[in-house]
file target13.cif (mmCIF, C-alpha atoms and all ligand atoms)
data_work
loop_
_atom_site.group_PDB
_atom_site.id
_atom_site.type_symbol
_atom_site.label_atom_id
_atom_site.label_comp_id
_atom_site.auth_asym_id
_atom_site.auth_seq_id
_atom_site.Cartn_x
_atom_site.Cartn_y
_atom_site.Cartn_z
ATOM 1 C CA MET A 1 -97.623 38.911 205.227
ATOM 2 C CA LYS A 2 -99.127 42.016 203.654
ATOM 3 C CA THR A 3 -99.986 41.483 200.015
ATOM 4 C CA ASN A 4 -102.054 43.584 197.791
ATOM 5 C CA GLY A 5 -102.962 41.716 194.648
ATOM 6 C CA THR A 6 -100.899 40.543 191.733
ATOM 7 C CA LEU A 7 -97.964 42.699 190.653
ATOM 8 C CA LEU A 8 -96.223 40.471 188.104
ATOM 9 C CA GLN A 9 -97.905 37.835 186.012
ATOM 10 C CA LEU A 10 -96.338 35.474 183.473
ATOM 11 C CA GLN A 11 -98.754 33.709 181.157
ATOM 12 C CA ASP A 12 -97.525 30.720 179.145
ATOM 13 C CA VAL A 13 -94.161 32.346 178.418
ATOM 14 C CA ASN A 14 -91.836 30.629 175.927
ATOM 15 C CA LYS A 15 -88.333 31.538 174.791
ATOM 16 C CA GLN A 16 -86.639 29.714 171.951
ATOM 17 C CA PHE A 17 -82.914 30.150 171.218
ATOM 18 C CA ASP A 18 -82.270 28.437 167.888
ATOM 19 C CA GLY A 19 -82.825 24.768 168.711
ATOM 20 C CA LEU A 20 -83.211 25.262 172.448
ATOM 21 C CA LEU A 21 -86.521 25.936 174.179
ATOM 22 C CA ALA A 22 -84.965 27.751 177.152
ATOM 23 C CA ILE A 23 -88.325 28.725 178.693
ATOM 24 C CA ALA A 24 -91.236 26.383 178.065
ATOM 25 C CA GLY A 25 -94.776 27.434 178.898
ATOM 26 C CA VAL A 26 -93.987 29.128 182.195
ATOM 27 C CA SER A 27 -96.860 30.757 184.109
ATOM 28 C CA PHE A 28 -96.814 32.157 187.627
ATOM 29 C CA ALA A 29 -97.697 35.299 189.527
ATOM 30 C CA VAL A 30 -95.953 37.425 192.147
ATOM 31 C CA ASN A 31 -98.098 39.386 194.602
ATOM 32 C CA SER A 32 -97.248 42.884 195.791
ATOM 33 C CA GLY A 33 -95.015 42.794 198.843
ATOM 34 C CA GLU A 34 -93.912 39.201 198.367
ATOM 35 C CA ILE A 35 -90.436 37.741 198.160
ATOM 36 C CA VAL A 36 -90.691 34.915 195.628
ATOM 37 C CA SER A 37 -87.635 32.787 194.969
ATOM 38 C CA LEU A 38 -86.963 31.262 191.577
ATOM 39 C CA ILE A 39 -84.765 28.182 191.894
ATOM 40 C CA GLY A 40 -83.593 25.353 189.663
ATOM 41 C CA PRO A 41 -80.405 23.558 188.583
ATOM 42 C CA ASN A 42 -77.772 25.277 186.419
ATOM 43 C CA GLY A 43 -79.148 26.033 182.973
ATOM 44 C CA ALA A 44 -82.801 25.754 184.118
ATOM 45 C CA GLY A 45 -83.661 29.133 182.580
ATOM 46 C CA LYS A 46 -83.706 31.421 185.634
ATOM 47 C CA THR A 47 -81.530 34.198 184.208
ATOM 48 C CA THR A 48 -83.315 33.877 180.868
ATOM 49 C CA LEU A 49 -86.597 34.540 182.646
ATOM 50 C CA PHE A 50 -85.088 37.682 184.218
ATOM 51 C CA ASN A 51 -83.910 38.765 180.766
ATOM 52 C CA LEU A 52 -87.457 38.354 179.438
ATOM 53 C CA ILE A 53 -89.042 40.290 182.312
ATOM 54 C CA SER A 54 -86.470 43.106 182.075
ATOM 55 C CA GLY A 55 -86.764 43.360 178.282
ATOM 56 C CA VAL A 56 -83.268 42.190 177.276
ATOM 57 C CA TYR A 57 -85.080 40.119 174.660
ATOM 58 C CA PRO A 58 -88.747 39.468 173.906
ATOM 59 C CA PRO A 59 -90.399 36.134 174.638
ATOM 60 C CA THR A 60 -91.067 33.944 171.604
ATOM 61 C CA SER A 61 -94.674 33.725 172.811
ATOM 62 C CA GLY A 62 -96.723 34.344 175.929
ATOM 63 C CA GLN A 63 -97.421 37.442 177.956
ATOM 64 C CA ILE A 64 -95.818 39.328 180.808
ATOM 65 C CA LEU A 65 -98.083 41.674 182.772
ATOM 66 C CA LEU A 66 -97.115 44.230 185.396
ATOM 67 C CA ASN A 67 -100.027 45.373 187.513
ATOM 68 C CA GLY A 68 -102.281 44.181 184.711
ATOM 69 C CA GLU A 69 -100.427 46.143 182.014
ATOM 70 C CA ASN A 70 -99.007 44.138 179.146
ATOM 71 C CA ILE A 71 -95.249 44.809 179.099
ATOM 72 C CA THR A 72 -94.387 41.917 176.769
ATOM 73 C CA GLY A 73 -91.638 42.815 174.301
ATOM 74 C CA MET A 74 -90.914 46.266 175.751
ATOM 75 C CA LYS A 75 -87.284 47.440 175.580
ATOM 76 C CA PRO A 76 -85.150 47.628 178.757
ATOM 77 C CA TYR A 77 -85.436 51.452 178.987
ATOM 78 C CA GLN A 78 -89.234 51.195 178.732
ATOM 79 C CA ILE A 79 -89.283 48.450 181.361
ATOM 80 C CA ALA A 80 -87.186 50.683 183.658
ATOM 81 C CA THR A 81 -89.842 53.397 183.437
ATOM 82 C CA LYS A 82 -92.350 50.782 184.636
ATOM 83 C CA ARG A 83 -90.254 50.619 187.808
ATOM 84 C CA ILE A 84 -88.747 47.186 187.371
ATOM 85 C CA ALA A 85 -85.081 47.029 188.407
ATOM 86 C CA ARG A 86 -82.589 44.195 188.451
ATOM 87 C CA THR A 87 -79.145 43.055 189.459
ATOM 88 C CA PHE A 88 -76.908 40.677 187.513
ATOM 89 C CA GLN A 89 -75.462 37.247 188.214
ATOM 90 C CA SER A 90 -71.966 38.670 187.620
ATOM 91 C CA VAL A 91 -71.866 42.104 189.244
ATOM 92 C CA GLN A 92 -72.235 44.934 186.723
ATOM 93 C CA ILE A 93 -70.918 48.158 188.157
ATOM 94 C CA PHE A 94 -68.603 50.830 186.799
ATOM 95 C CA GLN A 95 -65.264 49.812 188.279
ATOM 96 C CA GLU A 96 -63.553 53.144 187.536
ATOM 97 C CA MET A 97 -66.241 55.245 189.202
ATOM 98 C CA THR A 98 -66.731 55.787 192.898
ATOM 99 C CA VAL A 99 -69.342 53.903 194.874
ATOM 100 C CA LEU A 100 -71.460 57.066 195.154
ATOM 101 C CA GLU A 101 -71.242 57.803 191.414
ATOM 102 C CA ASN A 102 -72.420 54.276 190.677
ATOM 103 C CA VAL A 103 -75.511 54.808 192.832
ATOM 104 C CA LEU A 104 -76.177 58.188 191.177
ATOM 105 C CA LEU A 105 -76.330 56.351 187.843
ATOM 106 C CA GLY A 106 -79.365 54.525 189.194
ATOM 107 C CA LEU A 107 -81.117 57.884 189.552
ATOM 108 C CA HIS A 108 -80.152 59.487 186.284
ATOM 109 C CA HIS A 109 -83.350 58.706 184.396
ATOM 110 C CA ARG A 110 -85.327 60.389 187.184
ATOM 111 C CA LEU A 111 -83.358 63.641 187.075
ATOM 112 C CA SER A 112 -85.218 65.945 184.703
ATOM 113 C CA SER A 113 -82.206 68.143 184.082
ATOM 114 C CA GLY A 114 -80.097 65.183 183.099
ATOM 115 C CA PHE A 115 -77.375 63.278 184.804
ATOM 116 C CA VAL A 116 -74.483 64.650 182.745
ATOM 117 C CA LYS A 117 -75.403 68.275 183.455
ATOM 118 C CA GLY A 118 -75.784 67.352 187.115
ATOM 119 C CA MET A 119 -72.296 65.933 187.163
ATOM 120 C CA LEU A 120 -70.944 69.140 185.599
ATOM 121 C CA HIS A 121 -72.232 71.243 188.516
ATOM 122 C CA LEU A 122 -74.149 73.725 186.345
ATOM 123 C CA PRO A 123 -75.815 76.338 188.597
ATOM 124 C CA GLY A 124 -79.441 75.439 187.853
ATOM 125 C CA GLU A 125 -78.823 71.816 188.644
ATOM 126 C CA ARG A 126 -77.470 72.306 192.143
ATOM 127 C CA ARG A 127 -80.614 71.614 194.133
ATOM 128 C CA GLU A 128 -81.644 68.558 192.180
ATOM 129 C CA GLU A 129 -78.133 67.200 192.269
ATOM 130 C CA GLN A 130 -77.929 67.668 196.028
ATOM 131 C CA SER A 131 -81.143 65.828 196.578
ATOM 132 C CA ALA A 132 -79.903 63.022 194.326
ATOM 133 C CA GLY A 133 -76.696 62.906 196.369
ATOM 134 C CA THR A 134 -78.700 62.747 199.579
ATOM 135 C CA GLN A 135 -80.881 59.941 198.260
ATOM 136 C CA ALA A 136 -77.841 58.035 197.035
ATOM 137 C CA ARG A 137 -76.076 58.364 200.393
ATOM 138 C CA GLU A 138 -79.200 57.261 202.250
ATOM 139 C CA MET A 139 -79.379 54.200 200.047
ATOM 140 C CA LEU A 140 -75.715 53.390 200.749
ATOM 141 C CA GLU A 141 -76.457 53.715 204.455
ATOM 142 C CA GLN A 142 -79.393 51.312 204.136
ATOM 143 C CA LEU A 143 -77.059 48.800 202.480
ATOM 144 C CA GLY A 144 -74.414 49.354 205.166
ATOM 145 C CA ILE A 145 -71.731 50.703 202.809
ATOM 146 C CA GLU A 146 -72.017 54.485 203.320
ATOM 147 C CA GLN A 147 -68.428 54.615 204.584
ATOM 148 C CA LEU A 148 -67.288 53.472 201.123
ATOM 149 C CA ALA A 149 -69.016 56.294 199.189
ATOM 150 C CA GLU A 150 -65.818 57.926 197.882
ATOM 151 C CA ARG A 151 -63.951 54.667 197.227
ATOM 152 C CA LYS A 152 -63.430 53.391 193.700
ATOM 153 C CA ALA A 153 -65.868 50.574 192.988
ATOM 154 C CA ASP A 154 -63.105 48.116 192.070
ATOM 155 C CA SER A 155 -61.464 48.532 195.480
ATOM 156 C CA ILE A 156 -64.318 47.097 197.563
ATOM 157 C CA SER A 157 -65.130 43.458 198.369
ATOM 158 C CA LEU A 158 -67.493 41.247 196.354
ATOM 159 C CA LYS A 159 -70.175 41.478 199.030
ATOM 160 C CA GLU A 160 -69.840 45.267 199.059
ATOM 161 C CA GLN A 161 -70.061 45.299 195.258
ATOM 162 C CA ARG A 162 -73.235 43.216 195.407
ATOM 163 C CA CYS A 163 -74.645 45.673 197.969
ATOM 164 C CA LEU A 164 -73.637 48.546 195.693
ATOM 165 C CA GLU A 165 -75.444 46.990 192.748
ATOM 166 C CA ILE A 166 -78.562 46.578 194.896
ATOM 167 C CA ALA A 167 -78.257 50.204 196.076
ATOM 168 C CA ARG A 168 -78.073 51.396 192.467
ATOM 169 C CA SER A 169 -81.166 49.346 191.562
ATOM 170 C CA VAL A 170 -83.250 50.359 194.559
ATOM 171 C CA VAL A 171 -82.397 54.074 194.659
ATOM 172 C CA SER A 172 -84.840 54.663 191.785
ATOM 173 C CA LYS A 173 -87.620 53.224 194.003
ATOM 174 C CA PRO A 174 -88.710 50.326 191.801
ATOM 175 C CA ARG A 175 -91.879 48.355 192.482
ATOM 176 C CA LEU A 176 -90.331 45.073 191.413
ATOM 177 C CA LEU A 177 -86.726 44.084 192.062
ATOM 178 C CA LEU A 178 -85.149 41.107 190.298
ATOM 179 C CA LEU A 179 -82.104 39.774 192.160
ATOM 180 C CA ASP A 180 -79.949 37.242 190.268
ATOM 181 C CA GLU A 181 -77.902 35.219 192.778
ATOM 182 C CA PRO A 182 -77.093 38.047 195.224
ATOM 183 C CA ALA A 183 -75.215 35.631 197.509
ATOM 184 C CA ALA A 184 -73.087 33.914 194.834
ATOM 185 C CA GLY A 185 -69.459 33.830 195.970
ATOM 186 C CA LEU A 186 -70.261 35.030 199.497
ATOM 187 C CA ASN A 187 -69.333 33.117 202.643
ATOM 188 C CA ILE A 188 -71.902 31.881 205.194
ATOM 189 C CA ARG A 189 -71.786 35.015 207.341
ATOM 190 C CA GLU A 190 -71.981 37.345 204.354
ATOM 191 C CA THR A 191 -74.872 35.300 202.956
ATOM 192 C CA GLU A 192 -76.798 35.691 206.208
ATOM 193 C CA GLU A 193 -76.136 39.431 206.151
ATOM 194 C CA MET A 194 -77.366 39.537 202.556
ATOM 195 C CA GLY A 195 -80.588 37.846 203.706
ATOM 196 C CA ASP A 196 -81.126 40.572 206.321
ATOM 197 C CA ILE A 197 -80.401 43.259 203.730
ATOM 198 C CA ILE A 198 -82.914 41.810 201.260
ATOM 199 C CA GLN A 199 -85.581 41.590 203.942
ATOM 200 C CA GLY A 200 -84.797 45.174 204.965
ATOM 201 C CA LEU A 201 -85.557 46.330 201.415
ATOM 202 C CA ARG A 202 -89.220 45.489 201.888
ATOM 203 C CA GLN A 203 -89.618 48.730 203.865
ATOM 204 C CA TYR A 204 -89.459 50.470 200.472
ATOM 205 C CA GLY A 205 -92.614 48.649 199.421
ATOM 206 C CA LEU A 206 -90.589 46.422 197.140
ATOM 207 C CA THR A 207 -91.730 43.167 195.662
ATOM 208 C CA ILE A 208 -88.790 40.845 195.070
ATOM 209 C CA LEU A 209 -88.146 37.993 192.672
ATOM 210 C CA LEU A 210 -84.999 36.262 193.888
ATOM 211 C CA VAL A 211 -82.901 33.778 191.919
ATOM 212 C CA GLU A 212 -80.651 32.028 194.396
ATOM 213 C CA HIS A 213 -78.820 28.725 194.778
ATOM 214 C CA ASP A 214 -78.159 29.097 198.505
ATOM 215 C CA MET A 215 -81.052 27.104 199.953
ATOM 216 C CA ASN A 216 -80.569 28.380 203.501
ATOM 217 C CA LEU A 217 -81.080 31.902 202.195
ATOM 218 C CA VAL A 218 -84.089 30.907 200.073
ATOM 219 C CA MET A 219 -85.718 28.984 202.911
ATOM 220 C CA SER A 220 -85.189 31.807 205.393
ATOM 221 C CA ILE A 221 -86.539 34.727 203.364
ATOM 222 C CA ALA A 222 -88.813 33.501 200.537
ATOM 223 C CA HIS A 223 -92.571 33.537 201.054
ATOM 224 C CA ARG A 224 -93.036 31.275 198.055
ATOM 225 C CA VAL A 225 -90.761 29.336 195.709
ATOM 226 C CA VAL A 226 -91.076 28.598 191.978
ATOM 227 C CA VAL A 227 -88.894 25.796 190.602
ATOM 228 C CA LEU A 228 -87.652 25.655 187.011
ATOM 229 C CA HIS A 229 -86.040 22.644 185.334
ATOM 230 C CA HIS A 230 -85.124 22.512 181.638
ATOM 231 C CA GLY A 231 -87.150 25.691 181.120
ATOM 232 C CA MET A 232 -90.322 24.253 182.638
ATOM 233 C CA LYS A 233 -91.974 25.107 185.928
ATOM 234 C CA ILE A 234 -91.920 21.818 187.840
ATOM 235 C CA ALA A 235 -93.157 23.066 191.221
ATOM 236 C CA GLU A 236 -94.480 26.100 193.044
ATOM 237 C CA GLY A 237 -95.407 26.527 196.676
ATOM 238 C CA LEU A 238 -94.306 27.332 200.186
ATOM 239 C CA PRO A 239 -90.570 26.800 200.812
ATOM 240 C CA GLU A 240 -91.137 23.702 202.938
ATOM 241 C CA GLU A 241 -93.521 22.198 200.365
ATOM 242 C CA VAL A 242 -91.055 22.668 197.534
ATOM 243 C CA GLN A 243 -88.171 21.327 199.595
ATOM 244 C CA SER A 244 -89.909 17.974 200.078
ATOM 245 C CA ASN A 245 -91.315 17.758 196.521
ATOM 246 C CA GLN A 246 -90.045 14.534 194.920
ATOM 247 C CA GLU A 247 -89.815 15.993 191.415
ATOM 248 C CA VAL A 248 -87.734 18.888 192.714
ATOM 249 C CA ILE A 249 -85.372 16.569 194.560
ATOM 250 C CA ARG A 250 -85.010 14.408 191.427
ATOM 251 C CA ALA A 251 -84.279 17.478 189.288
ATOM 252 C CA TYR A 252 -81.462 18.535 191.574
ATOM 253 C CA LEU A 253 -80.023 15.035 191.922
ATOM 254 C CA GLY A 254 -80.237 14.042 188.265
ATOM 255 C CA GLY A 255 -80.139 17.336 186.444
ATOM 256 C CA GLY A 256 -76.383 17.543 185.965
ATOM 257 C CA SER A 257 -76.259 20.320 188.538
ATOM 258 C CA GLN A 258 -72.981 20.980 190.312
ATOM 259 C CA ARG A 259 -74.902 22.561 193.131
ATOM 260 C CA VAL A 260 -76.432 20.939 196.193
ATOM 261 C CA PRO A 261 -80.049 19.767 196.222
ATOM 262 C CA PRO A 262 -82.461 21.751 198.404
ATOM 263 C CA THR A 263 -82.416 19.468 201.418
HETATM 264 N N1 LIG B 301 -78.769 34.478 174.643
HETATM 265 C C1 LIG B 301 -78.787 33.130 174.591
HETATM 266 N N2 LIG B 301 -78.613 32.460 173.427
HETATM 267 C C2 LIG B 301 -78.649 31.110 173.375
HETATM 268 N N3 LIG B 301 -78.846 30.327 174.453
HETATM 269 C C3 LIG B 301 -79.010 30.922 175.650
HETATM 270 C C4 LIG B 301 -78.994 32.360 175.787
HETATM 271 N N4 LIG B 301 -79.194 32.669 177.091
HETATM 272 C C5 LIG B 301 -79.331 31.499 177.731
HETATM 273 N N5 LIG B 301 -79.221 30.459 176.883
HETATM 274 C C6 LIG B 301 -79.359 29.034 177.226
HETATM 275 O O1 LIG B 301 -80.587 28.879 177.918
HETATM 276 C C7 LIG B 301 -80.470 27.915 178.970
HETATM 277 C C8 LIG B 301 -80.850 28.555 180.267
HETATM 278 O O2 LIG B 301 -79.799 29.457 180.650
HETATM 279 P P1 LIG B 301 -79.913 30.414 181.910
HETATM 280 O O3 LIG B 301 -78.703 31.253 181.924
HETATM 281 O O4 LIG B 301 -81.225 31.085 181.876
HETATM 282 O O5 LIG B 301 -79.886 29.357 183.114
HETATM 283 P P2 LIG B 301 -79.856 29.625 184.680
HETATM 284 O O6 LIG B 301 -81.016 28.885 185.260
HETATM 285 O O7 LIG B 301 -79.754 31.069 184.966
HETATM 286 O O8 LIG B 301 -78.505 28.861 185.115
HETATM 287 P P3 LIG B 301 -77.395 29.225 186.242
HETATM 288 O O9 LIG B 301 -77.931 28.687 187.527
HETATM 289 O O10 LIG B 301 -76.184 28.454 185.800
HETATM 290 O O11 LIG B 301 -77.189 30.702 186.224
HETATM 291 C C9 LIG B 301 -79.025 27.415 178.913
HETATM 292 O O12 LIG B 301 -79.006 26.214 178.173
HETATM 293 C C10 LIG B 301 -78.298 28.521 178.199
HETATM 294 O O13 LIG B 301 -77.175 28.045 177.525
HETATM 295 MG MG MG B 302 -78.357 32.257 185.860
#
call {"tool": "encode", "arguments": {"input": "target13.cif", "output": "structure tokens"}}
result
Amino acid sequence: MKTNGTLLQLQDVNKQFDGLLAIAGVSFAVNSGEIVSLIGPNGAGKTTLFNLISGVYPPTSGQILLNGENITGMKPYQIATKRIARTFQSVQIFQEMTVLENVLLGLHHRLSSGFVKGMLHLPGERREEQSAGTQAREMLEQLGIEQLAERKADSISLKEQRCLEIARSVVSKPRLLLLDEPAAGLNIRETEEMGDIIQGLRQYGLTILLVEHDMNLVMSIAHRVVVLHHGMKIAEGLPEEVQSNQEVIRAYLGGGSQRVPPT
């Protein structure tokens, strides 16, 4: 595995929601080029951690560093300029727009002349718009959905929508990609294909933090695994180490999770 130092670092991060400590003293690091999977029973705090990293809300305390830069408490648009991108547990795409238009949205903050002008086909914007279109189509091809470019986003399957959301996130060439349950709702074959797609994304130099309940997927593509339970990090290590960790097994068996333990 090629790694190149620490890209993301969480230092003693806490998040309090009223009476609930949703994230409790979590520290870990993700190295450049790694795929790190964040697992844990329902309600463990995985999505909350993504919301903290992507700036949806600030941590109550603790620090989040990207390449050594303190990004704690930055707003989502500032975080996006730091080249952190994410997908959502329930797909968030524009249903009324075409697949291609959805991917173009992922580029709009990089187009100096502005996305709206680009969409209006003003003469000066032609070249930039064409190159955006080319990049967007290439990204669709990488995700295996280029044949759907002109289709309305609500007319494609869930797996295709998840691929579309990934295409929109990756087209802006992020350094760090946060994937929140990319295989949720997919069948076994689609889940395996999703695993290949995620691994294929590493050619873009991406570092990936992957929240996923499908243990076959986690075990087949993660270099390392971090386990959350009730907001606390209860284990961290190689996939096979975490899988046989007694505390992890107990958390899955006794944690009120409706999902299968990682065995
Ligand atoms: N904005 C919020 N306000 C109040 N409580 C919240 C908020 N977001 C999350 N929580 C609570 O924080 C805890 C962790 O939720 P989170 O969604 O992070 O879990 P998760 O690990 O992603 O679970 P799942 O596997 O079901 O997606 C839950 O008890 C949840 O109800
Ligand atoms: Mg979640």
call {"tool": "residues_near_ligand", "arguments": {"input": "target13.cif", "ligand": "ligand MG 302 (chain B)", "cutoff": "10 Å", "atoms": "all atoms listed in the file", "output": "JSON, numbers by chain"}}
result
{"A": [39, 40, 41, 42, 43, 44, 45, 46, 47, 48, 49, 50, 51, 88, 89, 90, 180, 181, 211, 212, 213]}
call {"tool": "write_last_selection", "arguments": {"input": "target13.cif", "atoms": "C-alpha atoms", "output": "compact mmCIF listing (two decimals), in the frame of the given file"}}
result
# COMPACT_ATOMS: atom_id res chain seq x y z
CA ILE A 39 -84.76 28.18 191.89
CA GLY A 40 -83.59 25.35 189.66
CA PRO A 41 -80.40 23.56 188.58
CA ASN A 42 -77.77 25.28 186.42
CA GLY A 43 -79.15 26.03 182.97
CA ALA A 44 -82.80 25.75 184.12
CA GLY A 45 -83.66 29.13 182.58
CA LYS A 46 -83.71 31.42 185.63
CA THR A 47 -81.53 34.20 184.21
CA THR A 48 -83.32 33.88 180.87
CA LEU A 49 -86.60 34.54 182.65
CA PHE A 50 -85.09 37.68 184.22
CA ASN A 51 -83.91 38.76 180.77
CA PHE A 88 -76.91 40.68 187.51
CA GLN A 89 -75.46 37.25 188.21
CA SER A 90 -71.97 38.67 187.62
CA ASP A 180 -79.95 37.24 190.27
CA GLU A 181 -77.90 35.22 192.78
CA VAL A 211 -82.90 33.78 191.92
CA GLU A 212 -80.65 32.03 194.40
CA HIS A 213 -78.82 28.72 194.78
call {"tool": "closest_residue", "arguments": {"input": "target13.cif", "among": "A:Ile79, A:Leu179, A:Leu66, A:Ile53", "to": "Ile35 in chain A", "atoms": "all atoms listed in the file"}}
result
A:Leu179
call {"tool": "closest_residue", "arguments": {"input": "target13.cif", "among": "A:Gly106, A:Gly231, A:Gly25, A:Pro239", "to": "ligand LIG 301 (chain B)", "atoms": "all atoms listed in the file"}}
result
A:Gly231
call {"tool": "residues_around", "arguments": {"input": "target13.cif", "residues": "Val248 in chain A", "least_positions_apart": "6", "cutoff": "8 Å", "atoms": "all atoms listed in the file", "output": "PDB file with C-alpha atoms, in the frame of the given file"}}
result
ATOM      1  CA  VAL A 227     -88.894  25.796 190.602  1.00  0.00           C
ATOM      2  CA  ILE A 234     -91.920  21.818 187.840  1.00  0.00           C
ATOM      3  CA  ALA A 235     -93.157  23.066 191.221  1.00  0.00           C
ATOM      4  CA  VAL A 242     -91.055  22.668 197.534  1.00  0.00           C
TER       5      VAL A 242
END
call {"tool": "residues_around", "arguments": {"input": "target13.cif", "residues": "Arg83 in chain A", "least_positions_apart": "2", "cutoff": "8 Å", "atoms": "all atoms listed in the file", "output": "list in words"}}
result
Ile79, Ala80, Thr81, Ala85, Ser172, Lys173, Pro174, Arg175 and Leu176 of chain A
call {"tool": "residues_around", "arguments": {"input": "target13.cif", "residues": "range 12-20 of chain A", "least_positions_apart": "3", "cutoff": "9 Å", "atoms": "all atoms listed in the file", "output": "list of chain:residue names"}}
result
A:Ile23, A:Ala24, A:Gly25, A:Val26, A:Ser27, A:Phe28, A:Thr48, A:Leu49, A:Leu52, A:Pro58, A:Pro59, A:Thr60, A:Ser61, A:Gly62, A:Gln63, A:Ile64, A:Gly231
call {"tool": "axis_aligned_box", "arguments": {"input": "target13.cif", "around": "range 173-189 of chain A", "padding_each_side": "4 Å", "output": "JSON"}}
result
{"center_x": -80.6, "center_y": 42.6, "center_z": 198.8, "size_x": 30.5, "size_y": 29.3, "size_z": 25.1}
call {"tool": "decode", "arguments": {"input": "target13.cif", "residues": "range 216-222 of chain A", "atoms": "all heavy atoms", "output": "PDB file, in the first residue's frame"}}
result
ATOM      1  N   ASN A 216     -18.755  -7.854   4.359  1.00  0.00           N
ATOM      2  CA  ASN A 216     -17.974  -8.431   3.253  1.00  0.00           C
ATOM      3  C   ASN A 216     -17.280  -7.315   2.478  1.00  0.00           C
ATOM      4  O   ASN A 216     -16.109  -7.429   2.103  1.00  0.00           O
ATOM      5  CB  ASN A 216     -18.871  -9.228   2.307  1.00  0.00           C
ATOM      6  CG  ASN A 216     -19.358 -10.508   2.966  1.00  0.00           C
ATOM      7  OD1 ASN A 216     -18.641 -11.091   3.778  1.00  0.00           O
ATOM      8  ND2 ASN A 216     -20.577 -10.912   2.643  1.00  0.00           N
ATOM      9  N   LEU A 217     -18.005  -6.231   2.263  1.00  0.00           N
ATOM     10  CA  LEU A 217     -17.426  -5.097   1.536  1.00  0.00           C
ATOM     11  C   LEU A 217     -16.287  -4.482   2.347  1.00  0.00           C
ATOM     12  O   LEU A 217     -15.186  -4.246   1.829  1.00  0.00           O
ATOM     13  CB  LEU A 217     -18.521  -4.056   1.243  1.00  0.00           C
ATOM     14  CG  LEU A 217     -18.067  -2.793   0.519  1.00  0.00           C
ATOM     15  CD1 LEU A 217     -17.406  -3.127  -0.809  1.00  0.00           C
ATOM     16  CD2 LEU A 217     -19.253  -1.858   0.289  1.00  0.00           C
ATOM     17  N   VAL A 218     -16.533  -4.252   3.638  1.00  0.00           N
ATOM     18  CA  VAL A 218     -15.502  -3.648   4.493  1.00  0.00           C
ATOM     19  C   VAL A 218     -14.247  -4.524   4.500  1.00  0.00           C
ATOM     20  O   VAL A 218     -13.127  -4.043   4.298  1.00  0.00           O
ATOM     21  CB  VAL A 218     -16.041  -3.468   5.934  1.00  0.00           C
ATOM     22  CG1 VAL A 218     -14.919  -3.112   6.902  1.00  0.00           C
ATOM     23  CG2 VAL A 218     -17.142  -2.407   5.952  1.00  0.00           C
ATOM     24  N   MET A 219     -14.456  -5.823   4.714  1.00  0.00           N
ATOM     25  CA  MET A 219     -13.306  -6.723   4.839  1.00  0.00           C
ATOM     26  C   MET A 219     -12.540  -6.832   3.525  1.00  0.00           C
ATOM     27  O   MET A 219     -11.346  -7.067   3.512  1.00  0.00           O
ATOM     28  CB  MET A 219     -13.766  -8.121   5.301  1.00  0.00           C
ATOM     29  CG  MET A 219     -14.333  -8.124   6.715  1.00  0.00           C
ATOM     30  SD  MET A 219     -13.122  -7.534   7.927  1.00  0.00           S
ATOM     31  CE  MET A 219     -14.188  -6.771   9.132  1.00  0.00           C
ATOM     32  N   SER A 220     -13.234  -6.661   2.396  1.00  0.00           N
ATOM     33  CA  SER A 220     -12.535  -6.836   1.124  1.00  0.00           C
ATOM     34  C   SER A 220     -11.809  -5.578   0.656  1.00  0.00           C
ATOM     35  O   SER A 220     -10.856  -5.678  -0.101  1.00  0.00           O
ATOM     36  CB  SER A 220     -13.491  -7.356   0.041  1.00  0.00           C
ATOM     37  OG  SER A 220     -14.489  -6.406  -0.219  1.00  0.00           O
ATOM     38  N   ILE A 221     -12.232  -4.389   1.101  1.00  0.00           N
ATOM     39  CA  ILE A 221     -11.543  -3.209   0.549  1.00  0.00           C
ATOM     40  C   ILE A 221     -10.850  -2.299   1.573  1.00  0.00           C
ATOM     41  O   ILE A 221     -10.035  -1.472   1.179  1.00  0.00           O
ATOM     42  CB  ILE A 221     -12.464  -2.348  -0.361  1.00  0.00           C
ATOM     43  CG1 ILE A 221     -13.545  -1.632   0.446  1.00  0.00           C
ATOM     44  CG2 ILE A 221     -13.065  -3.172  -1.475  1.00  0.00           C
ATOM     45  CD1 ILE A 221     -14.327  -0.639  -0.419  1.00  0.00           C
ATOM     46  N   ALA A 222     -11.175  -2.446   2.866  1.00  0.00           N
ATOM     47  CA  ALA A 222     -10.576  -1.511   3.842  1.00  0.00           C
ATOM     48  C   ALA A 222      -9.152  -1.936   4.201  1.00  0.00           C
ATOM     49  O   ALA A 222      -8.878  -3.113   4.417  1.00  0.00           O
ATOM     50  CB  ALA A 222     -11.432  -1.450   5.100  1.00  0.00           C
TER      51      ALA A 222
END
